[in-house]
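Heads up: the structure comes next, in structure tokens.
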Amino acid sequence: MIKTELTDGVYTITVSRPEALNALSPDIIEQLREVILAIQERLGVGTPDSDAGDTDWGIRGVVITGEGDKSFVAGADIGAMQQMDSATAAEYAELADELTEWIAELPVPVFAAVNGYALGGGLELAMACDVIYASENAIFGQPEVALGVIPGFGGCVRLQRFIGAAGARELILTGKKINAQEALRRGLVAAVYESPEAVRQAATDAVKALSANSPLAIAKAKEVIAKVSLLETHEALAAERAGFADCFDTEDQKEGMAAFLAKRKANFTGK
Ligand code: CAA
């Protein structure tokens with residue numbers, strides 16, 4: 001099952017299937033899709049008014065974690081996949097790919113609080129998030145080649161964006177697993193915390209802290225970072241410039257700069 005909780009603007013999603021180390025069965029993927037769609041709806045994603053202050057900013061960020069102290073998500077469900085033919089596997093991957101794209105496109109920051117194994121589809125779920133925090137016991141890898149398949153939920157695409165092509169090729173072709181400190185050294189994770197409980201707390205605190213900033217500026221930054229990551233420098237600079245200029249049509253920009261100059265705290269309305 002998927003557990004959700006909204007407290008102080010932090011929307012926490014817990015993948016809870018501990019008997020299978022939180023592996024992503026088709027049912028779990030379906031439930032995650034429903035949860036992310038509901039958040040999108042609340043945040044006005046895809047509605048024409050979403051830039052016009054119609055958004056419900058009651059959600060300021062999302063934390064995705066796994067149940068328990070052993071595993072974030074141990075991958076796609078091997079039992080469910082064993083008998084799949086190529087057509088069914090393509091459908092399974094398409095549902096998961098849509099899910100990861102929806103997560104990446106949320107206008108609020110999404111933190112993965114990785115509390116143990118993040119293997120295969122688990123690492124792919126984490127990499128759909130903006131920031132990955134890990135606990136000391138976290139283990140990362142794309143071990144699909146050991147099962148006779150390749151990463152299917154975005155690993156071939158996103159791992160090289162996180163850690164570069166050389167490291168991604170090494171991890172995917174060897175199926176090697178790395179621990180939290182190695183993931184930190186390679187730039188896959190942003191920070192490491194001593195325990196699963198501490199990593200969840202750190203992600204929650206990060207969302208609470210960023211809630212003091214302009215939600216519109218954060219959403220715009222996410223949009224621009226996603227847009228420019230595949231463009232040539234010249235085109236990318238133009239896209240960033242356009243996003244920067246868009247911010248100047250918002251009340252948040254006027255308020256943020258006025259508050260700085262008046263030496264007071266900004267009161268952002270997300271408009
Ligand atoms: N799918 C289904 N069940 C899984 C699972 C998975 N990905 N990972 C673990 N489980 C189940 C185990 O079968 C076991 O179930 P039973 O108790 O019923 O036997 C239970 O979870 C506990 O697992 P282990 O007994 O294996 O626990 P362990 O501590 O000995 O080992 C582990 C932990 C190293 C993570 C090991 O479970 C493992 O290697 N899991 C598979 C990891 C993997 O290969 N993930 C990639 C899947 S392919 C993929 O994700 C493709 C893609 O890109 C879309």
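Following the order of the structure tokens, chains are lettered A, B, ..., residues in each are numbered from 1, and ligands are numbered from 1.
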Show me which residues line ligand 1, defined as having an atom within 6 Å of a ligand atom where only C-alpha atoms and all ligand atoms count, and present them as a PyMOL selection string. chain A and resi 19-21+23+74-79+117+119-121+143-144+151-153
Those selected residues, please, written with C-alpha atoms and delivered as a short mmCIF file (atom, residue, chain, number, x, y, z; two decimals), in the first residue's frame.
```cif
data_model
loop_
_atom_site.label_atom_id
_atom_site.label_comp_id
_atom_site.auth_asym_id
_atom_site.auth_seq_id
_atom_site.Cartn_x
_atom_site.Cartn_y
_atom_site.Cartn_z
CA GLU A 19 7.26 -8.18 2.95
CA ALA A 20 8.80 -7.59 -0.51
CA LEU A 21 11.20 -4.81 0.56
CA ALA A 23 9.16 -3.58 -4.49
CA ALA A 74 14.13 -2.94 -3.83
CA GLY A 75 13.15 -2.54 -7.47
CA ALA A 76 10.40 -3.46 -9.83
CA ASP A 77 8.56 -6.60 -8.74
CA ILE A 78 10.58 -9.58 -9.98
CA GLY A 79 7.74 -12.01 -9.30
CA TYR A 117 17.96 -0.51 -0.58
CA LEU A 119 17.86 -0.90 -6.42
CA GLY A 120 16.63 -1.02 -10.01
CA GLY A 121 13.19 0.59 -10.08
CA PRO A 143 21.37 -4.68 -10.93
CA GLU A 144 19.05 -5.51 -13.84
CA PRO A 151 16.92 -0.73 -16.39
CA GLY A 152 13.38 -0.08 -17.56
CA PHE A 153 11.98 2.76 -15.45
#
```
Give me the residues within 12 Å of Phe248 of chain A as a list in words, counting only C-alpha atoms and dropping any in the same chain fewer than 6 places off. Leu216, Ala217, Lys220, Arg241, Ala242, Lys254, Glu255, Gly256, Met257 and Lys271 of chain A
Residues just named, written with all heavy atoms as a short mmCIF file (atom, residue, chain, number, x, y, z; two decimals), in the first residue's frame:
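File again-v2.cif, as written:
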```cif
data_model
loop_
_atom_site.label_atom_id
_atom_site.label_comp_id
_atom_site.auth_asym_id
_atom_site.auth_seq_id
_atom_site.Cartn_x
_atom_site.Cartn_y
_atom_site.Cartn_z
N LEU A 216 6.56 30.29 -6.39
CA LEU A 216 6.62 30.50 -7.84
C LEU A 216 8.05 30.43 -8.35
O LEU A 216 8.31 29.87 -9.42
CB LEU A 216 6.03 31.87 -8.19
CG LEU A 216 4.52 31.98 -8.17
CD1 LEU A 216 4.10 33.36 -8.63
CD2 LEU A 216 3.88 30.92 -9.05
N ALA A 217 8.97 31.02 -7.59
CA ALA A 217 10.37 30.99 -8.02
C ALA A 217 10.90 29.55 -8.00
O ALA A 217 11.64 29.13 -8.90
CB ALA A 217 11.22 31.89 -7.13
N LYS A 220 9.49 27.74 -10.97
CA LYS A 220 10.15 28.20 -12.20
C LYS A 220 11.56 27.61 -12.30
O LYS A 220 12.00 27.20 -13.37
CB LYS A 220 10.18 29.74 -12.22
CG LYS A 220 10.74 30.35 -13.48
CD LYS A 220 9.97 29.97 -14.74
CE LYS A 220 8.68 30.77 -14.92
NZ LYS A 220 8.01 30.44 -16.22
N ARG A 241 17.12 32.63 -19.25
CA ARG A 241 16.82 34.07 -19.27
C ARG A 241 15.31 34.30 -19.31
O ARG A 241 14.77 35.16 -18.62
CB ARG A 241 17.48 34.65 -20.51
CG ARG A 241 17.85 36.10 -20.42
CD ARG A 241 18.93 36.44 -21.43
NE ARG A 241 18.59 36.06 -22.80
CZ ARG A 241 19.33 35.25 -23.56
NH1 ARG A 241 20.43 34.71 -23.09
NH2 ARG A 241 18.96 34.97 -24.79
N ALA A 242 14.61 33.50 -20.14
CA ALA A 242 13.16 33.66 -20.25
C ALA A 242 12.47 33.34 -18.92
O ALA A 242 11.55 34.05 -18.50
CB ALA A 242 12.62 32.76 -21.36
N LYS A 254 8.21 41.07 -6.48
CA LYS A 254 8.15 42.42 -5.90
C LYS A 254 8.31 42.33 -4.38
O LYS A 254 9.05 43.09 -3.76
CB LYS A 254 6.81 43.10 -6.23
CG LYS A 254 6.46 43.13 -7.72
CD LYS A 254 7.31 44.12 -8.52
CE LYS A 254 7.01 44.04 -10.00
NZ LYS A 254 8.08 43.49 -10.82
N GLU A 255 7.56 41.38 -3.78
CA GLU A 255 7.58 41.22 -2.34
C GLU A 255 8.97 40.78 -1.84
O GLU A 255 9.49 41.33 -0.87
CB GLU A 255 6.51 40.19 -1.92
CG GLU A 255 6.60 39.67 -0.49
CD GLU A 255 6.43 40.73 0.59
OE1 GLU A 255 6.02 41.87 0.26
OE2 GLU A 255 6.74 40.42 1.76
N GLY A 256 9.56 39.82 -2.52
CA GLY A 256 10.86 39.29 -2.08
C GLY A 256 11.92 40.37 -2.07
O GLY A 256 12.70 40.49 -1.12
N MET A 257 11.94 41.18 -3.10
CA MET A 257 12.98 42.20 -3.19
C MET A 257 12.68 43.39 -2.26
O MET A 257 13.58 43.94 -1.62
CB MET A 257 13.15 42.63 -4.65
CG MET A 257 13.68 41.46 -5.48
SD MET A 257 14.24 41.91 -7.13
CE MET A 257 14.79 40.29 -7.71
N LYS A 271 1.81 34.34 -5.85
CA LYS A 271 1.09 34.96 -6.99
C LYS A 271 2.06 35.78 -7.83
O LYS A 271 3.08 36.18 -7.35
CB LYS A 271 -0.02 35.87 -6.47
CG LYS A 271 -1.09 35.05 -5.77
CD LYS A 271 -2.29 35.89 -5.43
CE LYS A 271 -3.34 34.98 -4.82
NZ LYS A 271 -4.25 35.67 -3.93
#
```
Which is closer to Thr14 of chain A than all the others in A:Ala191, A:Val35, A:Val108, A:Ala96, using only C-alpha atoms?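 Closest residue, counting only C-alpha atoms: A:Val35.
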May I have the residues within 9 Å of Gly167 of chain A as number ranges by chain, using only C-alpha atoms and disregarding those fewer than 6 positions away in the same chain? A: 159-160, 186
Rank A:Ser71, A:Thr250, A:Gln142, A:Thr7 by their smallest atom-to-atom distance to Arg158 of chain A, using only C-alpha atoms, and report the top residue only.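 Using only C-alpha atoms, Arg158 of chain A sits closest to A:Gln142.
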List every residue of segment 9-256 of chain A that DSSP, applied to the backbone of this structure, places in strand (DSSP E), and write the result as a ChimeraX atom specification. /A:10-15,61-66,71-73,110-114,117-119,131-135,139-141,177-179,191-193
Kindly export the residues of the current selection with N, CA, C and O atoms, as a compact mmCIF listing (two decimals), in the first residue's frame.
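The result, written out as result.txt:
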```
# COMPACT_ATOMS: atom_id res chain seq x y z
N VAL A 10 4.28 19.62 4.20
CA VAL A 10 5.14 18.52 3.73
C VAL A 10 4.26 17.31 3.44
O VAL A 10 3.62 16.77 4.34
N TYR A 11 4.23 16.90 2.19
CA TYR A 11 3.40 15.76 1.80
C TYR A 11 4.31 14.52 1.74
O TYR A 11 5.18 14.43 0.87
N THR A 12 4.15 13.62 2.68
CA THR A 12 5.02 12.44 2.74
C THR A 12 4.32 11.23 2.13
O THR A 12 3.18 10.93 2.46
N ILE A 13 5.03 10.59 1.23
CA ILE A 13 4.52 9.39 0.57
C ILE A 13 5.41 8.22 1.00
O ILE A 13 6.64 8.27 0.80
N THR A 14 4.82 7.19 1.59
CA THR A 14 5.60 6.04 2.03
C THR A 14 5.18 4.80 1.25
O THR A 14 4.01 4.42 1.27
N VAL A 15 6.14 4.21 0.54
CA VAL A 15 5.87 2.95 -0.15
C VAL A 15 5.93 1.85 0.90
O VAL A 15 6.98 1.62 1.51
N GLY A 61 6.10 20.82 -0.59
CA GLY A 61 7.12 19.88 -1.04
C GLY A 61 6.68 18.47 -0.72
O GLY A 61 5.77 18.27 0.09
N VAL A 62 7.32 17.53 -1.38
CA VAL A 62 6.95 16.12 -1.21
C VAL A 62 8.19 15.34 -0.76
O VAL A 62 9.31 15.62 -1.21
N VAL A 63 7.97 14.41 0.15
CA VAL A 63 9.03 13.49 0.58
C VAL A 63 8.58 12.08 0.23
O VAL A 63 7.47 11.68 0.60
N ILE A 64 9.42 11.35 -0.51
CA ILE A 64 9.09 9.96 -0.82
C ILE A 64 10.07 9.06 -0.07
O ILE A 64 11.29 9.28 -0.12
N THR A 65 9.54 8.08 0.65
CA THR A 65 10.39 7.17 1.41
C THR A 65 9.81 5.77 1.36
O THR A 65 8.75 5.54 0.78
N GLY A 66 10.53 4.83 1.97
CA GLY A 66 10.05 3.45 2.03
C GLY A 66 9.74 3.08 3.47
O GLY A 66 10.31 3.64 4.41
N SER A 71 14.68 -0.99 3.56
CA SER A 71 14.59 -0.78 2.12
C SER A 71 13.76 0.46 1.78
O SER A 71 12.69 0.68 2.36
N PHE A 72 14.29 1.24 0.85
CA PHE A 72 13.49 2.31 0.22
C PHE A 72 12.54 1.59 -0.74
O PHE A 72 11.37 1.42 -0.45
N VAL A 73 13.07 1.11 -1.85
CA VAL A 73 12.33 0.27 -2.80
C VAL A 73 13.36 -0.66 -3.43
O VAL A 73 14.34 -0.19 -4.01
N VAL A 110 10.64 17.71 -4.72
CA VAL A 110 10.39 16.35 -4.25
C VAL A 110 11.72 15.78 -3.75
O VAL A 110 12.71 15.76 -4.48
N PHE A 111 11.73 15.35 -2.50
CA PHE A 111 12.93 14.77 -1.88
C PHE A 111 12.73 13.26 -1.73
O PHE A 111 11.70 12.82 -1.23
N ALA A 112 13.72 12.49 -2.15
CA ALA A 112 13.71 11.06 -1.85
C ALA A 112 14.48 10.88 -0.55
O ALA A 112 15.64 11.30 -0.46
N ALA A 113 13.84 10.30 0.46
CA ALA A 113 14.52 9.97 1.71
C ALA A 113 14.80 8.47 1.64
O ALA A 113 13.96 7.65 1.99
N VAL A 114 16.00 8.14 1.17
CA VAL A 114 16.33 6.73 0.89
C VAL A 114 16.84 6.08 2.18
O VAL A 114 17.90 6.42 2.69
N TYR A 117 17.74 -0.14 0.82
CA TYR A 117 17.96 -0.51 -0.58
C TYR A 117 17.21 0.40 -1.55
O TYR A 117 16.00 0.62 -1.40
N ALA A 118 17.92 0.92 -2.54
CA ALA A 118 17.30 1.63 -3.66
C ALA A 118 17.90 0.99 -4.91
O ALA A 118 18.92 1.45 -5.44
N LEU A 119 17.30 -0.10 -5.32
CA LEU A 119 17.86 -0.90 -6.42
C LEU A 119 16.91 -0.89 -7.61
O LEU A 119 15.68 -0.85 -7.43
N VAL A 131 15.90 15.85 -5.26
CA VAL A 131 17.04 15.72 -4.35
C VAL A 131 16.96 14.33 -3.71
O VAL A 131 15.88 13.90 -3.29
N ILE A 132 18.11 13.66 -3.62
CA ILE A 132 18.14 12.37 -2.94
C ILE A 132 18.97 12.52 -1.67
O ILE A 132 20.15 12.92 -1.73
N TYR A 133 18.35 12.25 -0.52
CA TYR A 133 19.07 12.13 0.75
C TYR A 133 19.11 10.63 1.07
O TYR A 133 18.18 9.90 0.74
N ALA A 134 20.16 10.22 1.74
CA ALA A 134 20.29 8.79 2.06
C ALA A 134 20.64 8.59 3.52
O ALA A 134 21.27 9.44 4.15
N SER A 135 20.23 7.45 4.05
CA SER A 135 20.72 7.05 5.37
C SER A 135 21.99 6.24 5.17
O SER A 135 22.24 5.71 4.08
N ILE A 139 21.77 1.44 0.07
CA ILE A 139 22.54 0.74 -0.97
C ILE A 139 21.87 1.06 -2.30
O ILE A 139 20.65 0.89 -2.44
N PHE A 140 22.68 1.52 -3.25
CA PHE A 140 22.15 1.93 -4.56
C PHE A 140 22.70 1.03 -5.66
O PHE A 140 23.84 0.59 -5.60
N GLY A 141 21.91 0.83 -6.70
CA GLY A 141 22.42 0.09 -7.84
C GLY A 141 21.36 -0.15 -8.89
O GLY A 141 20.15 0.01 -8.64
N LYS A 177 26.66 -2.63 -6.81
CA LYS A 177 25.92 -1.83 -5.83
C LYS A 177 26.90 -0.94 -5.08
O LYS A 177 28.04 -1.33 -4.84
N ILE A 178 26.45 0.26 -4.73
CA ILE A 178 27.32 1.18 -3.97
C ILE A 178 26.61 1.62 -2.70
O ILE A 178 25.37 1.67 -2.65
N ASN A 179 27.42 1.92 -1.68
CA ASN A 179 26.80 2.34 -0.41
C ASN A 179 26.59 3.86 -0.39
O ASN A 179 26.90 4.57 -1.36
N ALA A 191 23.14 14.33 0.47
CA ALA A 191 23.62 14.28 1.85
C ALA A 191 23.30 12.90 2.43
O ALA A 191 22.38 12.23 1.97
N VAL A 192 24.08 12.54 3.46
CA VAL A 192 23.88 11.24 4.12
C VAL A 192 23.61 11.48 5.60
O VAL A 192 24.27 12.32 6.23
N TYR A 193 22.63 10.76 6.13
CA TYR A 193 22.24 10.91 7.54
C TYR A 193 22.40 9.56 8.24
O TYR A 193 22.38 8.51 7.60
```
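Of the listed residues (A:Asp56, A:Glu94, A:Glu182, A:Asp130), A:Asp130 comes nearest to Pro109 of chain A; the distances count only C-alpha atoms.
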Distance criterion (only C-alpha atoms): nearest to Ile150 of chain A out of A:Ala89, A:Ala198, A:Ile2, A:Ala190: A:Ala89
Going by DSSP on the backbone, which residues of segment 96-242 of chain A come out as alpha helix (DSSP H)? List them as number ranges by chain. A: 96-105, 121-127, 155-163, 165-174, 180-185, 196-210, 215-228, 233-242
Measuring between only C-alpha atoms, which one of A:Asp8, A:Glu67, A:Glu232, A:Glu91 shows the shortest distance to Gly116 of chain A?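 Smallest distance to Gly116 of chain A is found for A:Glu67.
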Pick out the closest residue to Leu95 of chain A from this set: A:Val149, A:Leu184, A:Leu24, A:Ile39. Count only C-alpha atoms.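 When distances to Leu95 of chain A are compared using only C-alpha atoms, the smallest one comes from A:Leu24.
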Spatial neighbours of Ala168 of chain A, max dist 10 Å, only C-alpha atoms, sep filter under 2 positions, as a PDB file with all heavy atoms, in the first residue's frame:
```pdb
ATOM      1  N   GLY A 141      21.907   0.829  -6.696  1.00  0.00           N
ATOM      2  CA  GLY A 141      22.421   0.087  -7.842  1.00  0.00           C
ATOM      3  C   GLY A 141      21.356  -0.147  -8.890  1.00  0.00           C
ATOM      4  O   GLY A 141      20.155   0.009  -8.640  1.00  0.00           O
ATOM      5  N   GLN A 142      21.842  -0.464 -10.078  1.00  0.00           N
ATOM      6  CA  GLN A 142      20.955  -0.879 -11.175  1.00  0.00           C
ATOM      7  C   GLN A 142      21.370  -2.318 -11.517  1.00  0.00           C
ATOM      8  O   GLN A 142      22.134  -2.553 -12.463  1.00  0.00           O
ATOM      9  CB  GLN A 142      21.131   0.037 -12.398  1.00  0.00           C
ATOM     10  CG  GLN A 142      20.759   1.486 -12.182  1.00  0.00           C
ATOM     11  CD  GLN A 142      19.271   1.805 -12.166  1.00  0.00           C
ATOM     12  OE1 GLN A 142      18.887   2.906 -11.855  1.00  0.00           O
ATOM     13  NE2 GLN A 142      18.412   0.854 -12.464  1.00  0.00           N
ATOM     14  N   GLY A 155      16.431   4.309 -15.708  1.00  0.00           N
ATOM     15  CA  GLY A 155      17.809   4.256 -15.223  1.00  0.00           C
ATOM     16  C   GLY A 155      18.853   4.597 -16.282  1.00  0.00           C
ATOM     17  O   GLY A 155      19.840   5.277 -15.987  1.00  0.00           O
ATOM     18  N   CYS A 156      18.623   4.122 -17.508  1.00  0.00           N
ATOM     19  CA  CYS A 156      19.603   4.411 -18.568  1.00  0.00           C
ATOM     20  C   CYS A 156      19.606   5.904 -18.912  1.00  0.00           C
ATOM     21  O   CYS A 156      20.577   6.441 -19.428  1.00  0.00           O
ATOM     22  CB  CYS A 156      19.285   3.613 -19.837  1.00  0.00           C
ATOM     23  SG  CYS A 156      19.400   1.836 -19.624  1.00  0.00           S
ATOM     24  N   VAL A 157      18.482   6.554 -18.637  1.00  0.00           N
ATOM     25  CA  VAL A 157      18.341   7.975 -18.974  1.00  0.00           C
ATOM     26  C   VAL A 157      18.834   8.855 -17.823  1.00  0.00           C
ATOM     27  O   VAL A 157      19.646   9.767 -18.021  1.00  0.00           O
ATOM     28  CB  VAL A 157      16.852   8.293 -19.277  1.00  0.00           C
ATOM     29  CG1 VAL A 157      16.670   9.767 -19.589  1.00  0.00           C
ATOM     30  CG2 VAL A 157      16.344   7.413 -20.411  1.00  0.00           C
ATOM     31  N   ARG A 158      18.318   8.576 -16.624  1.00  0.00           N
ATOM     32  CA  ARG A 158      18.554   9.536 -15.533  1.00  0.00           C
ATOM     33  C   ARG A 158      19.886   9.329 -14.804  1.00  0.00           C
ATOM     34  O   ARG A 158      20.439  10.300 -14.284  1.00  0.00           O
ATOM     35  CB  ARG A 158      17.401   9.481 -14.520  1.00  0.00           C
ATOM     36  CG  ARG A 158      16.088  10.003 -15.098  1.00  0.00           C
ATOM     37  CD  ARG A 158      15.070  10.336 -14.012  1.00  0.00           C
ATOM     38  NE  ARG A 158      13.868  10.912 -14.590  1.00  0.00           N
ATOM     39  CZ  ARG A 158      12.749  10.220 -14.853  1.00  0.00           C
ATOM     40  NH1 ARG A 158      12.676   8.940 -14.564  1.00  0.00           N
ATOM     41  NH2 ARG A 158      11.701  10.824 -15.383  1.00  0.00           N
ATOM     42  N   LEU A 159      20.396   8.078 -14.741  1.00  0.00           N
ATOM     43  CA  LEU A 159      21.613   7.890 -13.936  1.00  0.00           C
ATOM     44  C   LEU A 159      22.770   8.710 -14.493  1.00  0.00           C
ATOM     45  O   LEU A 159      23.530   9.317 -13.753  1.00  0.00           O
ATOM     46  CB  LEU A 159      21.984   6.397 -13.858  1.00  0.00           C
ATOM     47  CG  LEU A 159      23.115   6.062 -12.875  1.00  0.00           C
ATOM     48  CD1 LEU A 159      22.813   6.565 -11.457  1.00  0.00           C
ATOM     49  CD2 LEU A 159      23.410   4.562 -12.852  1.00  0.00           C
ATOM     50  N   GLN A 160      22.874   8.775 -15.831  1.00  0.00           N
ATOM     51  CA  GLN A 160      23.986   9.568 -16.367  1.00  0.00           C
ATOM     52  C   GLN A 160      23.790  11.059 -16.134  1.00  0.00           C
ATOM     53  O   GLN A 160      24.751  11.811 -16.052  1.00  0.00           O
ATOM     54  CB  GLN A 160      24.287   9.247 -17.819  1.00  0.00           C
ATOM     55  CG  GLN A 160      23.156   9.236 -18.767  1.00  0.00           C
ATOM     56  CD  GLN A 160      23.660   8.788 -20.162  1.00  0.00           C
ATOM     57  OE1 GLN A 160      24.720   9.227 -20.610  1.00  0.00           O
ATOM     58  NE2 GLN A 160      22.919   7.931 -20.820  1.00  0.00           N
ATOM     59  N   ARG A 161      22.525  11.476 -15.991  1.00  0.00           N
ATOM     60  CA  ARG A 161      22.312  12.903 -15.683  1.00  0.00           C
ATOM     61  C   ARG A 161      22.735  13.210 -14.247  1.00  0.00           C
ATOM     62  O   ARG A 161      23.160  14.317 -13.950  1.00  0.00           O
ATOM     63  CB  ARG A 161      20.837  13.261 -15.876  1.00  0.00           C
ATOM     64  CG  ARG A 161      20.432  13.164 -17.334  1.00  0.00           C
ATOM     65  CD  ARG A 161      19.070  13.745 -17.557  1.00  0.00           C
ATOM     66  NE  ARG A 161      18.637  13.462 -18.912  1.00  0.00           N
ATOM     67  CZ  ARG A 161      17.370  13.386 -19.285  1.00  0.00           C
ATOM     68  NH1 ARG A 161      16.407  13.570 -18.403  1.00  0.00           N
ATOM     69  NH2 ARG A 161      17.054  13.139 -20.532  1.00  0.00           N
ATOM     70  N   PHE A 162      22.578  12.227 -13.361  1.00  0.00           N
ATOM     71  CA  PHE A 162      22.988  12.453 -11.967  1.00  0.00           C
ATOM     72  C   PHE A 162      24.495  12.358 -11.806  1.00  0.00           C
ATOM     73  O   PHE A 162      25.112  13.196 -11.168  1.00  0.00           O
ATOM     74  CB  PHE A 162      22.316  11.418 -11.040  1.00  0.00           C
ATOM     75  CG  PHE A 162      21.000  11.869 -10.456  1.00  0.00           C
ATOM     76  CD1 PHE A 162      19.836  11.782 -11.186  1.00  0.00           C
ATOM     77  CD2 PHE A 162      20.923  12.384  -9.164  1.00  0.00           C
ATOM     78  CE1 PHE A 162      18.624  12.195 -10.658  1.00  0.00           C
ATOM     79  CE2 PHE A 162      19.720  12.798  -8.620  1.00  0.00           C
ATOM     80  CZ  PHE A 162      18.565  12.704  -9.368  1.00  0.00           C
ATOM     81  N   ILE A 163      25.103  11.307 -12.359  1.00  0.00           N
ATOM     82  CA  ILE A 163      26.513  11.054 -12.004  1.00  0.00           C
ATOM     83  C   ILE A 163      27.450  11.073 -13.208  1.00  0.00           C
ATOM     84  O   ILE A 163      28.633  10.787 -13.055  1.00  0.00           O
ATOM     85  CB  ILE A 163      26.669   9.722 -11.237  1.00  0.00           C
ATOM     86  CG1 ILE A 163      26.331   8.505 -12.116  1.00  0.00           C
ATOM     87  CG2 ILE A 163      25.821   9.701  -9.973  1.00  0.00           C
ATOM     88  CD1 ILE A 163      26.723   7.172 -11.493  1.00  0.00           C
ATOM     89  N   GLY A 164      26.933  11.385 -14.400  1.00  0.00           N
ATOM     90  CA  GLY A 164      27.788  11.405 -15.586  1.00  0.00           C
ATOM     91  C   GLY A 164      27.783  10.044 -16.287  1.00  0.00           C
ATOM     92  O   GLY A 164      27.490   9.006 -15.689  1.00  0.00           O
ATOM     93  N   ALA A 165      28.148  10.084 -17.562  1.00  0.00           N
ATOM     94  CA  ALA A 165      28.048   8.880 -18.390  1.00  0.00           C
ATOM     95  C   ALA A 165      29.011   7.781 -17.936  1.00  0.00           C
ATOM     96  O   ALA A 165      28.671   6.598 -17.966  1.00  0.00           O
ATOM     97  CB  ALA A 165      28.309   9.241 -19.851  1.00  0.00           C
ATOM     98  N   ALA A 166      30.224   8.174 -17.497  1.00  0.00           N
ATOM     99  CA  ALA A 166      31.216   7.149 -17.153  1.00  0.00           C
ATOM    100  C   ALA A 166      30.736   6.302 -15.975  1.00  0.00           C
ATOM    101  O   ALA A 166      30.739   5.068 -16.017  1.00  0.00           O
ATOM    102  CB  ALA A 166      32.551   7.812 -16.816  1.00  0.00           C
ATOM    103  N   GLU A 170      29.380   2.350 -15.850  1.00  0.00           N
ATOM    104  CA  GLU A 170      29.982   1.348 -14.951  1.00  0.00           C
ATOM    105  C   GLU A 170      28.904   0.643 -14.125  1.00  0.00           C
ATOM    106  O   GLU A 170      28.857  -0.587 -14.060  1.00  0.00           O
ATOM    107  CB  GLU A 170      31.000   2.022 -14.009  1.00  0.00           C
ATOM    108  CG  GLU A 170      31.793   1.005 -13.212  1.00  0.00           C
ATOM    109  CD  GLU A 170      32.193   1.452 -11.829  1.00  0.00           C
ATOM    110  OE1 GLU A 170      31.844   2.578 -11.423  1.00  0.00           O
ATOM    111  OE2 GLU A 170      32.847   0.661 -11.135  1.00  0.00           O
ATOM    112  N   LEU A 171      28.032   1.437 -13.498  1.00  0.00           N
ATOM    113  CA  LEU A 171      27.043   0.822 -12.598  1.00  0.00           C
ATOM    114  C   LEU A 171      26.034  -0.039 -13.358  1.00  0.00           C
ATOM    115  O   LEU A 171      25.654  -1.110 -12.895  1.00  0.00           O
ATOM    116  CB  LEU A 171      26.311   1.900 -11.791  1.00  0.00           C
ATOM    117  CG  LEU A 171      27.144   2.669 -10.765  1.00  0.00           C
ATOM    118  CD1 LEU A 171      26.250   3.557  -9.909  1.00  0.00           C
ATOM    119  CD2 LEU A 171      27.943   1.737  -9.874  1.00  0.00           C
ATOM    120  N   ILE A 172      25.605   0.421 -14.533  1.00  0.00           N
ATOM    121  CA  ILE A 172      24.580  -0.337 -15.272  1.00  0.00           C
ATOM    122  C   ILE A 172      25.182  -1.598 -15.907  1.00  0.00           C
ATOM    123  O   ILE A 172      24.578  -2.672 -15.869  1.00  0.00           O
ATOM    124  CB  ILE A 172      23.908   0.562 -16.329  1.00  0.00           C
ATOM    125  CG1 ILE A 172      23.081   1.654 -15.630  1.00  0.00           C
ATOM    126  CG2 ILE A 172      23.013  -0.262 -17.263  1.00  0.00           C
ATOM    127  CD1 ILE A 172      22.564   2.748 -16.547  1.00  0.00           C
ATOM    128  N   LEU A 173      26.387  -1.476 -16.440  1.00  0.00           N
ATOM    129  CA  LEU A 173      26.968  -2.635 -17.139  1.00  0.00           C
ATOM    130  C   LEU A 173      27.481  -3.704 -16.176  1.00  0.00           C
ATOM    131  O   LEU A 173      27.483  -4.886 -16.501  1.00  0.00           O
ATOM    132  CB  LEU A 173      28.100  -2.188 -18.081  1.00  0.00           C
ATOM    133  CG  LEU A 173      27.668  -1.189 -19.169  1.00  0.00           C
ATOM    134  CD1 LEU A 173      28.831  -0.859 -20.090  1.00  0.00           C
ATOM    135  CD2 LEU A 173      26.483  -1.708 -19.976  1.00  0.00           C
ATOM    136  N   THR A 174      27.900  -3.269 -14.981  1.00  0.00           N
ATOM    137  CA  THR A 174      28.400  -4.265 -14.013  1.00  0.00           C
ATOM    138  C   THR A 174      27.306  -4.713 -13.036  1.00  0.00           C
ATOM    139  O   THR A 174      27.438  -5.765 -12.412  1.00  0.00           O
ATOM    140  CB  THR A 174      29.555  -3.697 -13.159  1.00  0.00           C
ATOM    141  OG1 THR A 174      29.061  -2.610 -12.377  1.00  0.00           O
ATOM    142  CG2 THR A 174      30.717  -3.223 -14.033  1.00  0.00           C
TER     143      THR A 174
END
```
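Between atom CA of Lys222 of chain A and atom CA of Arg264 of chain A lies a distance of 26.4 Å.
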Provide the atom CA of Asp97 of chain A to atom CA of Gly122 of chain A distance in Å, to one decimal place.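 A separation of 12.7 Å between them.
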Find the distance between atom CA of Ala180 of chain A and atom CA of Ala209 of chain A and write it in Å to one decimal.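 Those two atoms sit 23.9 Å apart.
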